[in-house]
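Have a look at start-v9.pdb below; it lists PDB, C-alpha atoms, pLDDT in the B column.
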```pdb
MODEL        1
ATOM      1  CA  MET A   1     117.435  91.246  91.057  1.00 40.00           C
ATOM      2  CA  ALA A   2     119.628  88.454  92.440  1.00 44.00           C
ATOM      3  CA  GLU A   3     121.653  90.840  94.592  1.00 54.00           C
ATOM      4  CA  VAL A   4     121.805  90.073  98.291  1.00 63.00           C
ATOM      5  CA  LEU A   5     122.335  93.559  99.639  1.00 78.00           C
ATOM      6  CA  PHE A   6     122.688  93.719 103.420  1.00 85.00           C
ATOM      7  CA  TYR A   7     122.894  89.918 103.814  1.00 89.00           C
ATOM      8  CA  GLU A   8     126.141  89.402 105.749  1.00 91.00           C
ATOM      9  CA  ARG A   9     126.132  85.589 106.116  1.00 91.00           C
ATOM     10  CA  PRO A  10     123.515  84.113 103.767  1.00 91.00           C
ATOM     11  CA  VAL A  11     123.252  80.329 104.163  1.00 92.00           C
ATOM     12  CA  PRO A  12     120.691  77.820 102.836  1.00 93.00           C
ATOM     13  CA  LEU A  13     117.794  77.155 105.211  1.00 94.00           C
ATOM     14  CA  ASN A  14     118.319  73.648 106.578  1.00 93.00           C
ATOM     15  CA  ARG A  15     115.791  71.667 108.657  1.00 92.00           C
ATOM     16  CA  THR A  16     118.568  69.903 110.562  1.00 93.00           C
ATOM     17  CA  VAL A  17     121.028  72.733 111.129  1.00 94.00           C
ATOM     18  CA  HIS A  18     118.287  75.252 111.928  1.00 95.00           C
ATOM     19  CA  LYS A  19     115.830  72.949 113.730  1.00 94.00           C
ATOM     20  CA  ASP A  20     116.038  74.958 116.980  1.00 95.00           C
ATOM     21  CA  LEU A  21     116.363  78.406 115.407  1.00 96.00           C
ATOM     22  CA  ARG A  22     113.900  81.097 116.441  1.00 96.00           C
ATOM     23  CA  LEU A  23     113.144  84.524 115.022  1.00 96.00           C
ATOM     24  CA  LYS A  24     112.162  87.436 117.216  1.00 94.00           C
ATOM     25  CA  GLY A  25     110.858  90.763 116.031  1.00 89.00           C
ATOM     26  CA  VAL A  26     113.516  93.470 115.953  1.00 86.00           C
ATOM     27  CA  PRO A  27     112.182  97.050 115.792  1.00 84.00           C
ATOM     28  CA  SER A  28     115.063  98.227 113.626  1.00 91.00           C
ATOM     29  CA  MET A  29     115.803  98.578 109.922  1.00 94.00           C
ATOM     30  CA  ARG A  30     119.459  99.317 110.569  1.00 93.00           C
ATOM     31  CA  PHE A  31     120.461  96.520 108.187  1.00 94.00           C
ATOM     32  CA  ALA A  32     119.224  98.692 105.296  1.00 95.00           C
ATOM     33  CA  ALA A  33     120.864 101.931 106.451  1.00 95.00           C
ATOM     34  CA  LYS A  34     123.601 101.771 103.787  1.00 94.00           C
ATOM     35  CA  ALA A  35     121.374 100.823 100.847  1.00 94.00           C
ATOM     36  CA  HIS A  36     121.062 104.013  98.786  1.00 94.00           C
ATOM     37  CA  SER A  37     118.932 102.086  96.287  1.00 95.00           C
ATOM     38  CA  VAL A  38     117.175  98.728  96.116  1.00 96.00           C
ATOM     39  CA  PRO A  39     115.564  96.780  93.255  1.00 96.00           C
ATOM     40  CA  LEU A  40     111.841  97.299  92.798  1.00 97.00           C
ATOM     41  CA  THR A  41     109.211  95.166  91.085  1.00 98.00           C
ATOM     42  CA  GLY A  42     106.651  96.730  88.771  1.00 98.00           C
ATOM     43  CA  VAL A  43     103.673  95.862  90.958  1.00 97.00           C
ATOM     44  CA  GLU A  44     105.188  98.125  93.647  1.00 98.00           C
ATOM     45  CA  PHE A  45     105.457 101.196  91.396  1.00 98.00           C
ATOM     46  CA  PRO A  46     102.082 102.799  92.284  1.00 97.00           C
ATOM     47  CA  LEU A  47     102.737 102.714  96.046  1.00 97.00           C
ATOM     48  CA  ALA A  48     106.461 103.505  95.871  1.00 98.00           C
ATOM     49  CA  ALA A  49     105.856 106.443  93.501  1.00 98.00           C
ATOM     50  CA  ARG A  50     104.245 108.453  96.282  1.00 97.00           C
ATOM     51  CA  ASP A  51     107.453 108.515  98.310  1.00 98.00           C
ATOM     52  CA  VAL A  52     110.611 107.750  96.314  1.00 98.00           C
ATOM     53  CA  PRO A  53     112.006 108.210  92.796  1.00 98.00           C
ATOM     54  CA  ILE A  54     111.676 105.106  90.615  1.00 98.00           C
ATOM     55  CA  LEU A  55     114.472 104.877  88.071  1.00 98.00           C
ATOM     56  CA  PHE A  56     116.093 102.228  85.901  1.00 98.00           C
ATOM     57  CA  ALA A  57     119.742 101.514  86.686  1.00 96.00           C
ATOM     58  CA  GLY A  58     122.448  99.493  85.003  1.00 94.00           C
ATOM     59  CA  SER A  59     125.678  99.681  83.035  1.00 93.00           C
ATOM     60  CA  SER A  60     123.576  99.750  79.849  1.00 95.00           C
ATOM     61  CA  ILE A  61     119.955  99.674  78.713  1.00 96.00           C
ATOM     62  CA  GLU A  62     120.330  95.931  78.087  1.00 96.00           C
ATOM     63  CA  ASP A  63     120.935  95.131  81.766  1.00 94.00           C
ATOM     64  CA  ALA A  64     118.998  97.990  83.372  1.00 96.00           C
ATOM     65  CA  GLY A  65     116.358  97.197  85.975  1.00 97.00           C
ATOM     66  CA  PRO A  66     113.956  99.257  88.099  1.00 98.00           C
ATOM     67  CA  MET A  67     115.057 100.498  91.479  1.00 97.00           C
ATOM     68  CA  ALA A  68     113.856 102.730  94.271  1.00 98.00           C
ATOM     69  CA  LEU A  69     116.340 105.516  94.937  1.00 97.00           C
ATOM     70  CA  LEU A  70     116.687 105.871  98.718  1.00 97.00           C
ATOM     71  CA  GLY A  71     119.701 108.181  99.031  1.00 95.00           C
ATOM     72  CA  LEU A  72     121.922 110.607  97.149  1.00 94.00           C
ATOM     73  CA  ARG A  73     125.262 109.668  98.692  1.00 90.00           C
ATOM     74  CA  GLN A  74     127.003 106.307  98.408  1.00 89.00           C
ATOM     75  CA  ASP A  75     126.102 103.855 101.187  1.00 92.00           C
ATOM     76  CA  GLU A  76     123.419 106.099 102.708  1.00 95.00           C
ATOM     77  CA  ASN A  77     119.711 105.411 102.962  1.00 97.00           C
ATOM     78  CA  LEU A  78     118.018 108.708 103.782  1.00 97.00           C
ATOM     79  CA  LEU A  79     114.859 106.900 104.888  1.00 98.00           C
ATOM     80  CA  VAL A  80     116.562 105.113 107.796  1.00 97.00           C
ATOM     81  CA  ASP A  81     117.448 107.356 110.742  1.00 95.00           C
ATOM     82  CA  ALA A  82     120.227 107.058 113.326  1.00 92.00           C
ATOM     83  CA  GLN A  83     118.000 104.848 115.505  1.00 93.00           C
ATOM     84  CA  GLY A  84     117.422 102.434 112.643  1.00 95.00           C
ATOM     85  CA  GLN A  85     113.817 103.526 112.075  1.00 96.00           C
ATOM     86  CA  TRP A  86     112.355 103.750 108.567  1.00 97.00           C
ATOM     87  CA  ALA A  87     110.694 107.082 107.842  1.00 96.00           C
ATOM     88  CA  PRO A  88     107.079 106.827 109.050  1.00 95.00           C
ATOM     89  CA  ASN A  89     104.271 106.535 106.504  1.00 96.00           C
ATOM     90  CA  THR A  90     106.819 105.869 103.756  1.00 97.00           C
ATOM     91  CA  TYR A  91     106.776 102.843 101.464  1.00 98.00           C
ATOM     92  CA  ILE A  92     109.187 100.006 102.318  1.00 98.00           C
ATOM     93  CA  PRO A  93     110.158  98.014  99.187  1.00 97.00           C
ATOM     94  CA  ALA A  94     109.466  94.272  99.202  1.00 97.00           C
ATOM     95  CA  PHE A  95     113.183  93.717  98.601  1.00 96.00           C
ATOM     96  CA  VAL A  96     113.711  95.105 102.120  1.00 96.00           C
ATOM     97  CA  ARG A  97     110.645  93.524 103.727  1.00 95.00           C
ATOM     98  CA  ARG A  98     111.680  89.977 102.780  1.00 94.00           C
ATOM     99  CA  TYR A  99     114.793  90.219 104.984  1.00 95.00           C
ATOM    100  CA  PRO A 100     116.247  88.137 106.734  1.00 95.00           C
ATOM    101  CA  PHE A 101     115.124  85.552 104.169  1.00 95.00           C
ATOM    102  CA  VAL A 102     115.884  85.477 100.444  1.00 93.00           C
ATOM    103  CA  LEU A 103     115.110  83.145  97.555  1.00 90.00           C
ATOM    104  CA  ALA A 104     118.216  82.407  95.506  1.00 84.00           C
ATOM    105  CA  GLU A 105     118.430  80.625  92.154  1.00 75.00           C
ATOM    106  CA  LYS A 106     120.406  77.398  92.286  1.00 63.00           C
ATOM    107  CA  PRO A 107     123.557  77.244  90.143  1.00 57.00           C
ATOM    108  CA  ALA A 108     123.028  75.877  86.634  1.00 55.00           C
ATOM    109  CA  GLY A 109     123.434  72.115  86.462  1.00 56.00           C
ATOM    110  CA  GLN A 110     122.528  71.391  90.084  1.00 56.00           C
ATOM    111  CA  GLU A 111     119.623  69.073  90.788  1.00 60.00           C
ATOM    112  CA  GLY A 112     116.622  69.934  92.914  1.00 56.00           C
ATOM    113  CA  GLU A 113     114.332  72.934  93.105  1.00 63.00           C
ATOM    114  CA  ASP A 114     115.030  75.961  90.930  1.00 69.00           C
ATOM    115  CA  PHE A 115     115.183  78.207  94.008  1.00 82.00           C
ATOM    116  CA  THR A 116     116.522  77.734  97.524  1.00 90.00           C
ATOM    117  CA  VAL A 117     115.524  79.677 100.634  1.00 93.00           C
ATOM    118  CA  PHE A 118     118.475  81.362 102.324  1.00 94.00           C
ATOM    119  CA  LEU A 119     118.616  83.231 105.602  1.00 95.00           C
ATOM    120  CA  ASP A 120     121.096  85.703 107.015  1.00 95.00           C
ATOM    121  CA  GLU A 121     122.683  84.023 110.033  1.00 93.00           C
ATOM    122  CA  ALA A 122     124.093  87.412 111.064  1.00 93.00           C
ATOM    123  CA  PHE A 123     120.608  88.890 111.642  1.00 94.00           C
ATOM    124  CA  GLU A 124     120.273  90.010 115.264  1.00 92.00           C
ATOM    125  CA  GLY A 125     116.758  88.584 115.493  1.00 94.00           C
ATOM    126  CA  PHE A 126     117.896  84.955 115.193  1.00 95.00           C
ATOM    127  CA  GLY A 127     118.555  82.858 118.291  1.00 95.00           C
ATOM    128  CA  GLU A 128     117.509  79.664 120.029  1.00 94.00           C
ATOM    129  CA  THR A 129     115.772  81.050 123.109  1.00 92.00           C
ATOM    130  CA  GLU A 130     113.523  83.963 122.071  1.00 93.00           C
ATOM    131  CA  GLY A 131     110.977  84.422 119.324  1.00 95.00           C
ATOM    132  CA  GLU A 132     108.984  82.126 117.044  1.00 95.00           C
ATOM    133  CA  ARG A 133     110.389  78.811 115.927  1.00 96.00           C
ATOM    134  CA  LEU A 134     111.180  78.334 112.241  1.00 96.00           C
ATOM    135  CA  PHE A 135     110.272  74.641 112.463  1.00 96.00           C
ATOM    136  CA  LYS A 136     107.765  72.709 114.543  1.00 94.00           C
ATOM    137  CA  GLU A 137     108.823  69.759 116.698  1.00 92.00           C
ATOM    138  CA  ASP A 138     108.023  67.361 113.847  1.00 92.00           C
ATOM    139  CA  GLY A 139     110.335  69.290 111.498  1.00 91.00           C
ATOM    140  CA  SER A 140     107.587  70.880 109.417  1.00 94.00           C
ATOM    141  CA  ASP A 141     107.507  74.618 108.686  1.00 95.00           C
ATOM    142  CA  SER A 142     106.010  76.850 111.355  1.00 96.00           C
ATOM    143  CA  GLU A 143     103.208  79.214 110.301  1.00 96.00           C
ATOM    144  CA  MET A 144     105.656  82.118 110.495  1.00 95.00           C
ATOM    145  CA  LEU A 145     108.145  80.404 108.165  1.00 96.00           C
ATOM    146  CA  ALA A 146     105.358  79.349 105.784  1.00 96.00           C
ATOM    147  CA  ARG A 147     104.243  82.994 105.523  1.00 96.00           C
ATOM    148  CA  ALA A 148     107.822  84.140 104.907  1.00 96.00           C
ATOM    149  CA  VAL A 149     108.410  81.519 102.202  1.00 95.00           C
ATOM    150  CA  GLY A 150     105.053  82.396 100.622  1.00 96.00           C
ATOM    151  CA  PHE A 151     106.088  86.040 100.481  1.00 96.00           C
ATOM    152  CA  LEU A 152     109.370  85.049  98.808  1.00 95.00           C
ATOM    153  CA  GLY A 153     107.439  83.072  96.202  1.00 94.00           C
ATOM    154  CA  GLU A 154     105.142  86.003  95.452  1.00 96.00           C
ATOM    155  CA  PHE A 155     108.133  88.316  95.206  1.00 96.00           C
ATOM    156  CA  GLN A 156     109.810  85.998  92.694  1.00 94.00           C
ATOM    157  CA  GLN A 157     106.660  85.966  90.554  1.00 95.00           C
ATOM    158  CA  HIS A 158     106.701  89.776  90.543  1.00 97.00           C
ATOM    159  CA  VAL A 159     110.391  89.711  89.558  1.00 95.00           C
ATOM    160  CA  THR A 160     109.536  87.519  86.565  1.00 95.00           C
ATOM    161  CA  ARG A 161     106.727  89.871  85.535  1.00 96.00           C
ATOM    162  CA  THR A 162     109.062  92.841  85.902  1.00 97.00           C
ATOM    163  CA  ARG A 163     111.627  91.225  83.613  1.00 97.00           C
ATOM    164  CA  TRP A 164     108.904  90.916  80.965  1.00 97.00           C
ATOM    165  CA  PHE A 165     108.079  94.600  81.528  1.00 97.00           C
ATOM    166  CA  MET A 166     111.724  95.550  80.980  1.00 98.00           C
ATOM    167  CA  ASP A 167     111.775  93.496  77.775  1.00 97.00           C
ATOM    168  CA  GLN A 168     108.845  95.575  76.506  1.00 97.00           C
ATOM    169  CA  LEU A 169     110.602  98.855  77.290  1.00 97.00           C
ATOM    170  CA  ARG A 170     113.702  97.690  75.422  1.00 97.00           C
ATOM    171  CA  LYS A 171     111.750  96.210  72.520  1.00 97.00           C
ATOM    172  CA  HIS A 172     110.056  99.543  71.850  1.00 97.00           C
ATOM    173  CA  GLU A 173     113.202 101.591  72.634  1.00 97.00           C
ATOM    174  CA  LEU A 174     111.451 103.607  75.328  1.00 98.00           C
ATOM    175  CA  LEU A 175     114.418 104.019  77.684  1.00 98.00           C
ATOM    176  CA  GLU A 176     116.913 106.858  77.498  1.00 97.00           C
ATOM    177  CA  PRO A 177     119.930 107.734  79.695  1.00 96.00           C
ATOM    178  CA  ARG A 178     119.389 110.317  82.401  1.00 94.00           C
ATOM    179  CA  ASN A 179     122.199 111.796  84.466  1.00 90.00           C
ATOM    180  CA  ILE A 180     121.029 113.583  87.591  1.00 87.00           C
ATOM    181  CA  ARG A 181     123.100 116.479  88.865  1.00 86.00           C
ATOM    182  CA  LEU A 182     122.311 118.310  92.084  1.00 84.00           C
ATOM    183  CA  GLU A 183     124.149 121.490  93.098  1.00 80.00           C
ATOM    184  CA  LYS A 184     124.629 121.909  96.837  1.00 72.00           C
ATOM    185  CA  GLU A 185     126.615 124.834  98.267  1.00 71.00           C
ATOM    186  CA  GLY A 186     129.173 124.785  95.498  1.00 68.00           C
ATOM    187  CA  LYS A 187     129.404 120.996  95.504  1.00 77.00           C
ATOM    188  CA  ALA A 188     127.771 118.753  92.928  1.00 81.00           C
ATOM    189  CA  ILE A 189     126.163 115.341  93.342  1.00 85.00           C
ATOM    190  CA  ASN A 190     126.156 113.335  90.128  1.00 88.00           C
ATOM    191  CA  LEU A 191     124.028 110.228  89.701  1.00 89.00           C
ATOM    192  CA  ASN A 192     125.025 108.248  86.618  1.00 89.00           C
ATOM    193  CA  GLY A 193     124.043 104.953  85.028  1.00 91.00           C
ATOM    194  CA  LEU A 194     120.349 105.825  85.187  1.00 96.00           C
ATOM    195  CA  PHE A 195     117.584 105.540  82.606  1.00 97.00           C
ATOM    196  CA  VAL A 196     114.049 106.903  82.329  1.00 97.00           C
ATOM    197  CA  VAL A 197     111.159 106.369  79.925  1.00 98.00           C
ATOM    198  CA  ASN A 198     111.078 108.852  77.052  1.00 97.00           C
ATOM    199  CA  GLU A 199     107.531 110.204  77.158  1.00 96.00           C
ATOM    200  CA  ASP A 200     107.651 111.474  73.571  1.00 97.00           C
ATOM    201  CA  LYS A 201     108.425 107.966  72.301  1.00 97.00           C
ATOM    202  CA  LEU A 202     105.679 106.593  74.526  1.00 96.00           C
ATOM    203  CA  ARG A 203     103.128 108.847  72.805  1.00 95.00           C
ATOM    204  CA  GLN A 204     104.299 107.627  69.410  1.00 96.00           C
ATOM    205  CA  LEU A 205     103.523 103.957  70.072  1.00 96.00           C
ATOM    206  CA  ASP A 206     101.259 102.366  67.510  1.00 96.00           C
ATOM    207  CA  GLU A 207      97.656 101.733  68.506  1.00 96.00           C
ATOM    208  CA  GLN A 208      98.041  97.973  68.892  1.00 96.00           C
ATOM    209  CA  THR A 209     101.058  98.282  71.215  1.00 96.00           C
ATOM    210  CA  ALA A 210      99.415 101.063  73.242  1.00 95.00           C
ATOM    211  CA  HIS A 211      96.316  98.892  73.687  1.00 96.00           C
ATOM    212  CA  GLU A 212      98.467  95.944  74.806  1.00 95.00           C
ATOM    213  CA  PHE A 213     100.340  98.169  77.273  1.00 95.00           C
ATOM    214  CA  LEU A 214      97.021  99.385  78.657  1.00 94.00           C
ATOM    215  CA  ARG A 215      95.581  95.868  78.922  1.00 95.00           C
ATOM    216  CA  GLU A 216      98.695  94.434  80.600  1.00 94.00           C
ATOM    217  CA  GLY A 217      99.115  97.302  83.067  1.00 93.00           C
ATOM    218  CA  VAL A 218     102.365  98.489  81.501  1.00 94.00           C
ATOM    219  CA  LEU A 219     101.085 102.041  81.003  1.00 96.00           C
ATOM    220  CA  GLY A 220     100.194 102.327  84.673  1.00 96.00           C
ATOM    221  CA  TRP A 221     103.676 101.231  85.716  1.00 98.00           C
ATOM    222  CA  ILE A 222     105.295 103.653  83.271  1.00 98.00           C
ATOM    223  CA  TYR A 223     103.311 106.641  84.474  1.00 97.00           C
ATOM    224  CA  ALA A 224     103.929 105.727  88.115  1.00 98.00           C
ATOM    225  CA  HIS A 225     107.651 105.843  87.255  1.00 98.00           C
ATOM    226  CA  LEU A 226     107.325 109.220  85.518  1.00 98.00           C
ATOM    227  CA  LEU A 227     105.215 110.717  88.316  1.00 98.00           C
ATOM    228  CA  SER A 228     107.772 109.552  90.902  1.00 98.00           C
ATOM    229  CA  LEU A 229     110.707 111.498  89.458  1.00 96.00           C
ATOM    230  CA  PRO A 230     110.037 114.764  91.371  1.00 95.00           C
ATOM    231  CA  ASN A 231     110.654 112.784  94.575  1.00 96.00           C
ATOM    232  CA  ILE A 232     114.350 113.390  93.879  1.00 94.00           C
ATOM    233  CA  ASP A 233     113.708 116.852  95.326  1.00 93.00           C
ATOM    234  CA  ARG A 234     112.309 115.192  98.437  1.00 94.00           C
ATOM    235  CA  LEU A 235     115.526 113.205  98.848  1.00 95.00           C
ATOM    236  CA  ALA A 236     117.509 116.423  98.418  1.00 92.00           C
ATOM    237  CA  ARG A 237     115.540 118.001 101.289  1.00 93.00           C
ATOM    238  CA  LEU A 238     116.156 114.940 103.462  1.00 94.00           C
ATOM    239  CA  LEU A 239     119.863 115.168 102.677  1.00 93.00           C
ATOM    240  CA  ASP A 240     119.885 118.863 103.611  1.00 91.00           C
ATOM    241  CA  ALA A 241     118.284 118.046 106.958  1.00 92.00           C
ATOM    242  CA  ARG A 242     120.762 115.243 107.617  1.00 91.00           C
ATOM    243  CA  GLU A 243     123.766 117.393 106.731  1.00 89.00           C
ATOM    244  CA  GLN A 244     122.531 120.140 109.056  1.00 89.00           C
ATOM    245  CA  ALA A 245     122.152 117.592 111.844  1.00 87.00           C
ATOM    246  CA  GLU A 246     125.660 116.275 111.156  1.00 83.00           C
ATOM    247  CA  ALA A 247     127.065 119.800 111.216  1.00 79.00           C
ATOM    248  CA  GLY A 248     125.309 120.490 114.510  1.00 77.00           C
ATOM    249  CA  ALA A 249     126.680 117.303 116.048  1.00 72.00           C
ATOM    250  CA  THR A 250     130.202 118.258 114.946  1.00 71.00           C
ATOM    251  CA  ARG A 251     129.932 121.684 116.562  1.00 69.00           C
ATOM    252  CA  ASN A 252     128.737 120.148 119.793  1.00 61.00           C
TER     253      ASN A 252
ENDMDL
END
```
Represent the supplied structure as structure tokens.
Amino acid sequence: MAEVLFYERPVPLNRTVHKDLRLKGVPSMRFAAKAHSVPLTGVEFPLAARDVPILFAGSSIEDAGPMALLGLRQDENLLVDAQGQWAPNTYIPAFVRRYPFVLAEKPAGQEGEDFTVFLDEAFEGFGETEGERLFKEDGSDSEMLARAVGFLGEFQQHVTRTRWFMDQLRKHELLEPRNIRLEKEGKAINLNGLFVVNEDKLRQLDEQTAHEFLREGVLGWIYAHLLSLPNIDRLARLLDAREQAEAGATRN
């Protein structure tokens, strides 16, 4: 979950260097237009499951983590249109909503806080004339920055909880590889390196483990994941619509 997708120039937030920096609202999600998937925390599963497929991705089960699948082609987010607008009434993952800020773990051995707030200096909303200040005149955090940092802290707590969730899935050997293949007009789209929960193994859990999963909310997260899988068909329909629009633009 430490990836910094779509952060072009991430730098540590600094009260001196950024004392005059302001942030204005930008009605565009263009920065996420090439993210065909983003990490997801377990607490987001119930809301995300309504709109996107939730899968586990990694080079192996040992390093797999949950993600929201947003596109079927490399570097293409089907939920962001040509104007940079996210599909209306569709869940936006917290990984995306925290932008242009991010909480990064400090390198091992360095002194100070465990995490440092970074910002993307390349974000078009930053400047020194328009928008809300990051810092007040006395150098303290503005209310806007305090809210943003608070959100980052909450997100990191959810990441930690999600890592525990993944440990449970591995401990009970509930994950299995799943390759997704879509046939489109004689061409095939193959999605590899994915894992899903094996529902048969889930039903075979012993009573004590099943009770713990129920008490800790793990069962709810698992079934949100399983119920989200048909949303792959929704992405396929979005891709069809986009390809038709691309073909029309080429003809014109």
Next on the checklist: I need the residue nearest Phe126 (chain A) from this list: A:Glu143, A:Glu176, A:Asp81, A:Asp20. Use only C-alpha atoms for the distance.
Outcome noted: A:Asp20
Item to check | Exercise: Arg178 (chain A) partners within 9 Å, all atoms listed in the file, chain neighbours under 5 positions left out, as a list in words | outcome: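 Skipping anything fewer than 5 positions along the chain leaves Leu191, Asn192, Gly193, Leu194, Phe195 and Val196 of chain A.
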Checklist outcome for this item: Separating CA of Gln85 (chain A) from CA of Arg30 (chain A), to the nearest tenth of an Å, is a gap of 7.2 Å
Next on the checklist: Just want the 6 Å neighbourhood of region 35-48 of chain A, counted on all atoms listed in the file, with same-chain residues fewer than 5 positions away dropped. Output as a list in words.
Outcome noted: Pro66, Met67, Ala68, Leu69, Leu70, Gly71, Asp75, Glu76, Asn77, Tyr91, His158, Val159, Thr162, Trp221 and Ala224 of chain A
Next on the checklist: For the PyMOL selection byres ((chain A and resi 10) around 9), applied here, can you spell out every residue it catches as a ChimeraX atom specification?
Outcome noted: /A:4,7-9,11-12,100-102,118-122
Checklist entry - Hey, can you pull every residue with an atom no more than 12 Å from (111.1, 100.9, 74.0), using all atoms listed in the file, and send it as JSON, numbers by chain? => result {"A": [61, 62, 165, 166, 167, 168, 169, 170, 171, 172, 173, 174, 175, 176, 195, 196, 197, 198, 199, 200, 201, 202, 203, 204, 205, 206, 209, 210, 213, 218, 222]}
Prev. selection, C-alpha atoms, output as a tab-separated table (two decimals), in the coordinates of the input:
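again.tsv written:
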```tsv
chain	number	residue	atom	x	y	z
A	61	ILE	CA	119.96	99.67	78.71
A	62	GLU	CA	120.33	95.93	78.09
A	165	PHE	CA	108.08	94.60	81.53
A	166	MET	CA	111.72	95.55	80.98
A	167	ASP	CA	111.78	93.50	77.78
A	168	GLN	CA	108.84	95.58	76.51
A	169	LEU	CA	110.60	98.86	77.29
A	170	ARG	CA	113.70	97.69	75.42
A	171	LYS	CA	111.75	96.21	72.52
A	172	HIS	CA	110.06	99.54	71.85
A	173	GLU	CA	113.20	101.59	72.63
A	174	LEU	CA	111.45	103.61	75.33
A	175	LEU	CA	114.42	104.02	77.68
A	176	GLU	CA	116.91	106.86	77.50
A	195	PHE	CA	117.58	105.54	82.61
A	196	VAL	CA	114.05	106.90	82.33
A	197	VAL	CA	111.16	106.37	79.92
A	198	ASN	CA	111.08	108.85	77.05
A	199	GLU	CA	107.53	110.20	77.16
A	200	ASP	CA	107.65	111.47	73.57
A	201	LYS	CA	108.42	107.97	72.30
A	202	LEU	CA	105.68	106.59	74.53
A	203	ARG	CA	103.13	108.85	72.81
A	204	GLN	CA	104.30	107.63	69.41
A	205	LEU	CA	103.52	103.96	70.07
A	206	ASP	CA	101.26	102.37	67.51
A	209	THR	CA	101.06	98.28	71.22
A	210	ALA	CA	99.42	101.06	73.24
A	213	PHE	CA	100.34	98.17	77.27
A	218	VAL	CA	102.36	98.49	81.50
A	222	ILE	CA	105.30	103.65	83.27
```
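Using only C-alpha atoms, the smallest distance between any of A:Ser142, A:Asn231, A:Gln208, A:Gln156 and Arg15 (chain A) comes from A:Ser142.
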Checklist entry - Suppose you want the space between CA of Ala241 (chain A) and CA of Val96 (chain A); what is it in Å? => result 23.9 Å
Checklist entry - How would you write, as number ranges by chain, the residues chosen by the PyMOL selection byres ((chain A and resi 152) around 12) on this structure? => result A: 94-104, 115-119, 145-151, 153-159
Once you have the residues from the selection above, write them out as a PDB file, in the coordinates of the input, restricted to C-alpha atoms.
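The resulting file, out_38.pdb, is shown below:
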```
ATOM      1  CA  ALA A  94     109.466  94.272  99.202  1.00 97.00           C
ATOM      2  CA  PHE A  95     113.183  93.717  98.601  1.00 96.00           C
ATOM      3  CA  VAL A  96     113.711  95.105 102.120  1.00 96.00           C
ATOM      4  CA  ARG A  97     110.645  93.524 103.727  1.00 95.00           C
ATOM      5  CA  ARG A  98     111.680  89.977 102.780  1.00 94.00           C
ATOM      6  CA  TYR A  99     114.793  90.219 104.984  1.00 95.00           C
ATOM      7  CA  PRO A 100     116.247  88.137 106.734  1.00 95.00           C
ATOM      8  CA  PHE A 101     115.124  85.552 104.169  1.00 95.00           C
ATOM      9  CA  VAL A 102     115.884  85.477 100.444  1.00 93.00           C
ATOM     10  CA  LEU A 103     115.110  83.145  97.555  1.00 90.00           C
ATOM     11  CA  ALA A 104     118.216  82.407  95.506  1.00 84.00           C
ATOM     12  CA  PHE A 115     115.183  78.207  94.008  1.00 82.00           C
ATOM     13  CA  THR A 116     116.522  77.734  97.524  1.00 90.00           C
ATOM     14  CA  VAL A 117     115.524  79.677 100.634  1.00 93.00           C
ATOM     15  CA  PHE A 118     118.475  81.362 102.324  1.00 94.00           C
ATOM     16  CA  LEU A 119     118.616  83.231 105.602  1.00 95.00           C
ATOM     17  CA  LEU A 145     108.145  80.404 108.165  1.00 96.00           C
ATOM     18  CA  ALA A 146     105.358  79.349 105.784  1.00 96.00           C
ATOM     19  CA  ARG A 147     104.243  82.994 105.523  1.00 96.00           C
ATOM     20  CA  ALA A 148     107.822  84.140 104.907  1.00 96.00           C
ATOM     21  CA  VAL A 149     108.410  81.519 102.202  1.00 95.00           C
ATOM     22  CA  GLY A 150     105.053  82.396 100.622  1.00 96.00           C
ATOM     23  CA  PHE A 151     106.088  86.040 100.481  1.00 96.00           C
ATOM     24  CA  GLY A 153     107.439  83.072  96.202  1.00 94.00           C
ATOM     25  CA  GLU A 154     105.142  86.003  95.452  1.00 96.00           C
ATOM     26  CA  PHE A 155     108.133  88.316  95.206  1.00 96.00           C
ATOM     27  CA  GLN A 156     109.810  85.998  92.694  1.00 94.00           C
ATOM     28  CA  GLN A 157     106.660  85.966  90.554  1.00 95.00           C
ATOM     29  CA  HIS A 158     106.701  89.776  90.543  1.00 97.00           C
ATOM     30  CA  VAL A 159     110.391  89.711  89.558  1.00 95.00           C
TER      31      VAL A 159
END
```
Checklist entry - For Leu239 (chain A), which of A:Arg133, A:Asn89, A:Leu78, A:Glu124 is the closest residue, counting all atoms listed in the file? => result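 Nearest to Leu239 (chain A): A:Leu78.
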Checklist entry - Nearest to Asp51 (chain A): which of A:Gly25, A:Pro177, A:Gly220, A:Pro93 is it, counting only C-alpha atoms? => result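 Using only C-alpha atoms, the shortest distance to Asp51 (chain A) belongs to A:Pro93.
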Item to check | Interatomic distance (Å, one decimal) between CA of His225 (chain A) and CA of Leu72 (chain A) | outcome: 18.0 Å
Next on the checklist: Considering only C-alpha atoms, can you say which of A:Lys184, A:Lys24, A:Lys34, A:Arg161 comes closest to Gly217 (chain A)?
Outcome noted: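 Among the listed residues, A:Arg161 lies closest to Gly217 (chain A).
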Around all of region 159-169 of chain A's listed atoms, make the axis-aligned box with 8 Å on each side and tell me centre and edge lengths in Å to one decimal, as lines of an AutoDock Vina configuration file.
```
center_x = 109.3
center_y = 93.2
center_z = 83.0
size_x = 21.0
size_y = 27.3
size_z = 29.1
```
Item to check | Output check: residues returned by the PyMOL selection byres ((chain A and resi 139) around 12), as a ChimeraX atom specification | outcome: /A:14-21,133-138,140-142,145
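Among A:Ala82, A:Arg181, A:Gly125, A:Val26, the residue with the shortest atom-to-atom distance to Asp233 (chain A), counting all atoms listed in the file, is A:Arg181.
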